[in-house]
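See structure below.
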Amino acid sequence: MSRFQFVADNSATSRPGWTVKRLCELLDIERSSFYAWKAGAATRAAKAAADSALAEKIREIHSVDNTQGAPRITAELNDGVPAGQRVNHKKIARVMKAFGIRGYAKKRKVRTTIPEPSGQKYPDLLGRDFTAPAPGLRYVGDITYLPIADGTNLYLATVIDCYSRRLVGWAVADHMRTELVEDALKAAAATRGSLKGAIFHSDHGSVYCSKAYAKLCRKLGVTQSMGAVGTSADNALAESFNATMKREVLQDSACWSNELACRRQVFKWLVRYNTRRRHSWCGYLSPTTYEARRAATLPTAA
């Protein structure tokens, strides 16, 4: 309770001597300041009501995906809203803090790369530059493990377009054999129609260094690229994707209850990631929406 509120509450009682003047003297506040505060009561009430209404809108969005913080919720609220009616991200953050609404955040570090000393080596063609001027030119990928309650694991292989961060190919299996990453690359080729002329960047995992994977890349017209051994920063985009997926799906759980639940939940998140989840890289659009809007602005051939 503020000192002004204390004066307002107690000066209204019938106790002798509990006047505004006396209470202000005891609390060391100016009477003019108290009356100014009292005059602003209607404004404060209106602001509180507006904040409460905004909090309800935020909760509605947050209930769909509790990993969303102020930036993505701001983008969701302002989507399609005229410029003069948009809500500032600082106000969203303030209201979320006041009403105890938080995006889920938890950092987890997992290492799954199994280096193959005798495998084929390829130069780093990206140099930690995970950007591309157009879709279909540069891809990154990785394998991450998906822990199951019975002690076993599933494994997810990914192919991500550097242009839009879109997951264009992926595969899940109960092994880390070469077929896993091959299936992910084939899925990417099916999504894009062709991978000819593209670069695919990975770590030095044994499956990526295998002759079978190199053969598939040559068949699809893909040039392989690899970062330095033991340096996760050289494949930071793929590593970040894996960490985000597990943090947002598992949250406080250490593992999935069973294989079926894992497959279902991961599939649901991957689809949402591409089509609904707002990505900061894409100006808080989803990757597929970002690609579609950028494509619509490109000049057409005469």
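Residue names in the structure tokens use chain letters A, B, ... in the order shown, residue numbers from 1 in each chain, and ligand numbers from 1 in the order shown.
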Within 8 Å of region 262-282 of chain A, which residues of region 119-181 of chain A show up? Give each one with its shortest atom-to-atom distance in Å (one decimal) and the two atoms involved, counting only C-alpha atoms, rows by chain then rising residue number, as a Markdown table.
```
| residue | atom | partner | partner_atom | distance |
| --- | --- | --- | --- | --- |
| A:Leu146 | CA | A:Cys262 | CA | 7.6 |
| A:Ile148 | CA | A:Cys262 | CA | 7.6 |
| A:Ser164 | CA | A:Cys282 | CA | 6.5 |
| A:Arg165 | CA | A:Trp281 | CA | 7.7 |
| A:Arg166 | CA | A:Asn274 | CA | 5.9 |
| A:Leu167 | CA | A:Asn274 | CA | 6.5 |
| A:Val172 | CA | A:Arg263 | CA | 7.8 |
```
(message) I need the residues of region 147-257 of chain A that end up classed as helix (DSSP H, G or I) by DSSP on the backbone, written out as a PyMOL selection string.
(response) chain A and resi 178-192+211-220+232-250
Got a sec: who's within 7 Å of region 86-95 of chain A, counting only C-alpha atoms, leaving out chain neighbours fewer than 2 positions off, as an mmCIF file with C-alpha atoms, in the first residue's frame?
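Done, and the output landed in selection-v6.cif:
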```
data_model
loop_
_atom_site.group_PDB
_atom_site.id
_atom_site.type_symbol
_atom_site.label_atom_id
_atom_site.label_comp_id
_atom_site.auth_asym_id
_atom_site.auth_seq_id
_atom_site.Cartn_x
_atom_site.Cartn_y
_atom_site.Cartn_z
ATOM 1 C CA ASP A 51 -3.837 -3.480 -18.465
ATOM 2 C CA ALA A 55 -3.343 -9.276 -19.923
ATOM 3 C CA ALA A 70 7.122 -10.510 -25.014
ATOM 4 C CA PRO A 71 8.638 -10.163 -28.525
ATOM 5 C CA THR A 74 3.829 -8.486 -29.380
ATOM 6 C CA ASN A 78 0.009 -6.552 -33.707
ATOM 7 C CA VAL A 81 -3.406 -4.202 -36.784
ATOM 8 C CA PRO A 82 -3.104 -0.645 -38.213
ATOM 9 C CA ALA A 83 0.076 1.160 -37.172
ATOM 10 C CA GLY A 84 -1.720 3.635 -34.925
ATOM 11 C CA LYS A 97 5.691 -8.941 -15.625
ATOM 12 C CA ALA A 98 2.876 -7.361 -13.597
ATOM 13 C CA PHE A 99 0.522 -10.288 -14.196
#
```
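Note that CA of Lys246 (chain A) and CA of Asp183 (chain A) are 21.0 Å apart.
Comparing the minimum interatomic distances between Leu77 (chain A) and each of A:Leu220, A:Leu54, A:Ala233, A:Ala190, counting only C-alpha atoms, we find that A:Leu54 sits nearest.
Residue nearest Ala75 (chain A), chosen from A:Ser225, A:Thr178, A:Ser286, A:Ser202 and counting only C-alpha atoms: A:Ser286.
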(message) Here is a test: counting only C-alpha atoms, which residue of A:Lys211, A:Lys219, A:His201, A:Arg22 is nearest to Ala189 (chain A)?
(response) A:Lys219
(request) May I have the residues within 12 Å of Asn235 (chain A) as a PyMOL selection string, using only C-alpha atoms and disregarding those fewer than 5 positions away in the same chain? (result) chain A and resi 113+124-130+139-143+159-160+162+200-205+225-230+240-242
Please produce an output containing C-alpha atoms for each residue in the selection, written as a PDB file, in the first residue's frame.
```pdb
ATOM      1  CA  THR A 113      28.329 -35.792 -32.502  1.00  0.00           C
ATOM      2  CA  ASP A 124      33.947 -25.024 -44.174  1.00  0.00           C
ATOM      3  CA  LEU A 125      32.106 -23.075 -46.892  1.00  0.00           C
ATOM      4  CA  LEU A 126      29.997 -20.995 -44.502  1.00  0.00           C
ATOM      5  CA  GLY A 127      32.518 -19.625 -42.026  1.00  0.00           C
ATOM      6  CA  ARG A 128      29.754 -19.142 -39.425  1.00  0.00           C
ATOM      7  CA  ASP A 129      27.781 -17.008 -41.869  1.00  0.00           C
ATOM      8  CA  PHE A 130      24.337 -18.591 -41.573  1.00  0.00           C
ATOM      9  CA  TYR A 139      21.369 -25.490 -45.638  1.00  0.00           C
ATOM     10  CA  VAL A 140      22.586 -26.637 -42.233  1.00  0.00           C
ATOM     11  CA  GLY A 141      21.769 -29.842 -40.409  1.00  0.00           C
ATOM     12  CA  ASP A 142      22.491 -31.863 -37.309  1.00  0.00           C
ATOM     13  CA  ILE A 143      21.383 -34.876 -35.270  1.00  0.00           C
ATOM     14  CA  VAL A 159      17.922 -29.852 -42.800  1.00  0.00           C
ATOM     15  CA  ILE A 160      17.345 -26.107 -42.249  1.00  0.00           C
ATOM     16  CA  CYS A 162      19.669 -20.483 -43.845  1.00  0.00           C
ATOM     17  CA  PHE A 200      24.752 -28.492 -46.974  1.00  0.00           C
ATOM     18  CA  HIS A 201      26.746 -27.716 -43.834  1.00  0.00           C
ATOM     19  CA  SER A 202      27.143 -30.096 -40.877  1.00  0.00           C
ATOM     20  CA  ASP A 203      29.533 -31.157 -38.147  1.00  0.00           C
ATOM     21  CA  HIS A 204      32.028 -34.014 -38.470  1.00  0.00           C
ATOM     22  CA  GLY A 205      29.638 -36.723 -37.293  1.00  0.00           C
ATOM     23  CA  SER A 225      30.571 -28.270 -45.978  1.00  0.00           C
ATOM     24  CA  MET A 226      31.812 -28.949 -42.441  1.00  0.00           C
ATOM     25  CA  GLY A 227      32.931 -26.887 -39.480  1.00  0.00           C
ATOM     26  CA  ALA A 228      35.957 -27.590 -37.337  1.00  0.00           C
ATOM     27  CA  VAL A 229      36.014 -30.706 -35.165  1.00  0.00           C
ATOM     28  CA  GLY A 230      34.640 -30.089 -31.664  1.00  0.00           C
ATOM     29  CA  SER A 240      20.272 -23.642 -31.656  1.00  0.00           C
ATOM     30  CA  PHE A 241      17.319 -25.214 -33.447  1.00  0.00           C
ATOM     31  CA  ASN A 242      17.798 -28.504 -31.563  1.00  0.00           C
TER      32      ASN A 242
END
```
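Taking CA of Ala188 (chain A) and CA of Val168 (chain A) as the two end points, the separation is 4.9 Å.
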(request) Please run DSSP on the backbone and report, as a list in words, all residues within region 180-291 of chain A that come out as strand (DSSP E or B). (result) Ile199, Phe200, His201, Ser202, Gly205, Thr223, Gln224, Ser225, Met226, Trp256, His279 and Leu285 of chain A
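Proximity to Arg102 (chain A) was assessed for A:Gln224, A:Ser253, A:Ser232, A:Gln68 counting only C-alpha atoms; the smallest distance is recorded for A:Gln68.
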(request) Excluding region 28-45 of chain A and any residue of its chain fewer than 6 positions from it, enumerate the residues within 9 Å of it, using only C-alpha atoms, and give them as a VMD selection string. (result) chain A and resid 3 to 5 7 to 8 20 to 21
Mind writing the picked residues with C-alpha atoms as a PDB file, in the first residue's frame?
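Okay, this is what ended up in out_7.pdb:
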```pdb
ATOM      1  CA  ARG A   3       1.495   6.293   1.637  1.00  0.00           C
ATOM      2  CA  PHE A   4      -1.101   8.203  -0.381  1.00  0.00           C
ATOM      3  CA  GLN A   5      -3.498   5.263  -0.202  1.00  0.00           C
ATOM      4  CA  VAL A   7      -3.942   8.681   3.948  1.00  0.00           C
ATOM      5  CA  ALA A   8      -7.001   8.212   1.719  1.00  0.00           C
ATOM      6  CA  VAL A  20      -5.498  14.632   5.952  1.00  0.00           C
ATOM      7  CA  LYS A  21      -3.228  17.376   7.276  1.00  0.00           C
TER       8      LYS A  21
END
```
Could you give me, as a compact mmCIF listing (two decimals) with N, CA and C atoms, in the first residue's frame, the residues within 12 Å of Thr152 (chain A), counting only C-alpha atoms and dropping anything in the same chain fewer than 6 positions from it?
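Okay, this is what ended up in result_26.txt:
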```
# COMPACT_ATOMS: atom_id res chain seq x y z
N TYR A 145 19.50 -36.17 -30.00
CA TYR A 145 18.82 -37.34 -29.44
C TYR A 145 17.58 -36.93 -28.67
N LEU A 146 16.58 -37.80 -28.67
CA LEU A 146 15.30 -37.57 -28.00
C LEU A 146 15.14 -38.65 -26.93
N ALA A 173 14.31 -41.55 -36.14
CA ALA A 173 14.53 -43.00 -36.14
C ALA A 173 15.07 -43.42 -34.78
N ASP A 174 15.14 -44.73 -34.56
CA ASP A 174 15.67 -45.24 -33.29
C ASP A 174 17.16 -45.59 -33.42
N HIS A 175 17.83 -45.01 -34.41
CA HIS A 175 19.25 -45.27 -34.63
C HIS A 175 19.91 -44.02 -35.19
N CYS A 255 12.54 -36.33 -20.07
CA CYS A 255 12.42 -37.22 -21.22
C CYS A 255 10.96 -37.36 -21.60
N TRP A 256 10.71 -38.03 -22.72
CA TRP A 256 9.34 -38.34 -23.12
C TRP A 256 8.89 -39.64 -22.47
N SER A 257 7.61 -39.75 -22.22
CA SER A 257 7.08 -40.92 -21.51
C SER A 257 7.22 -42.20 -22.32
N ASN A 258 7.07 -42.09 -23.63
CA ASN A 258 7.22 -43.27 -24.50
C ASN A 258 7.51 -42.79 -25.92
N GLU A 259 7.83 -43.74 -26.78
CA GLU A 259 8.23 -43.40 -28.14
C GLU A 259 7.10 -42.73 -28.93
N CYS A 262 6.67 -39.15 -27.93
CA CYS A 262 7.79 -38.38 -28.45
C CYS A 262 7.57 -38.03 -29.92
```
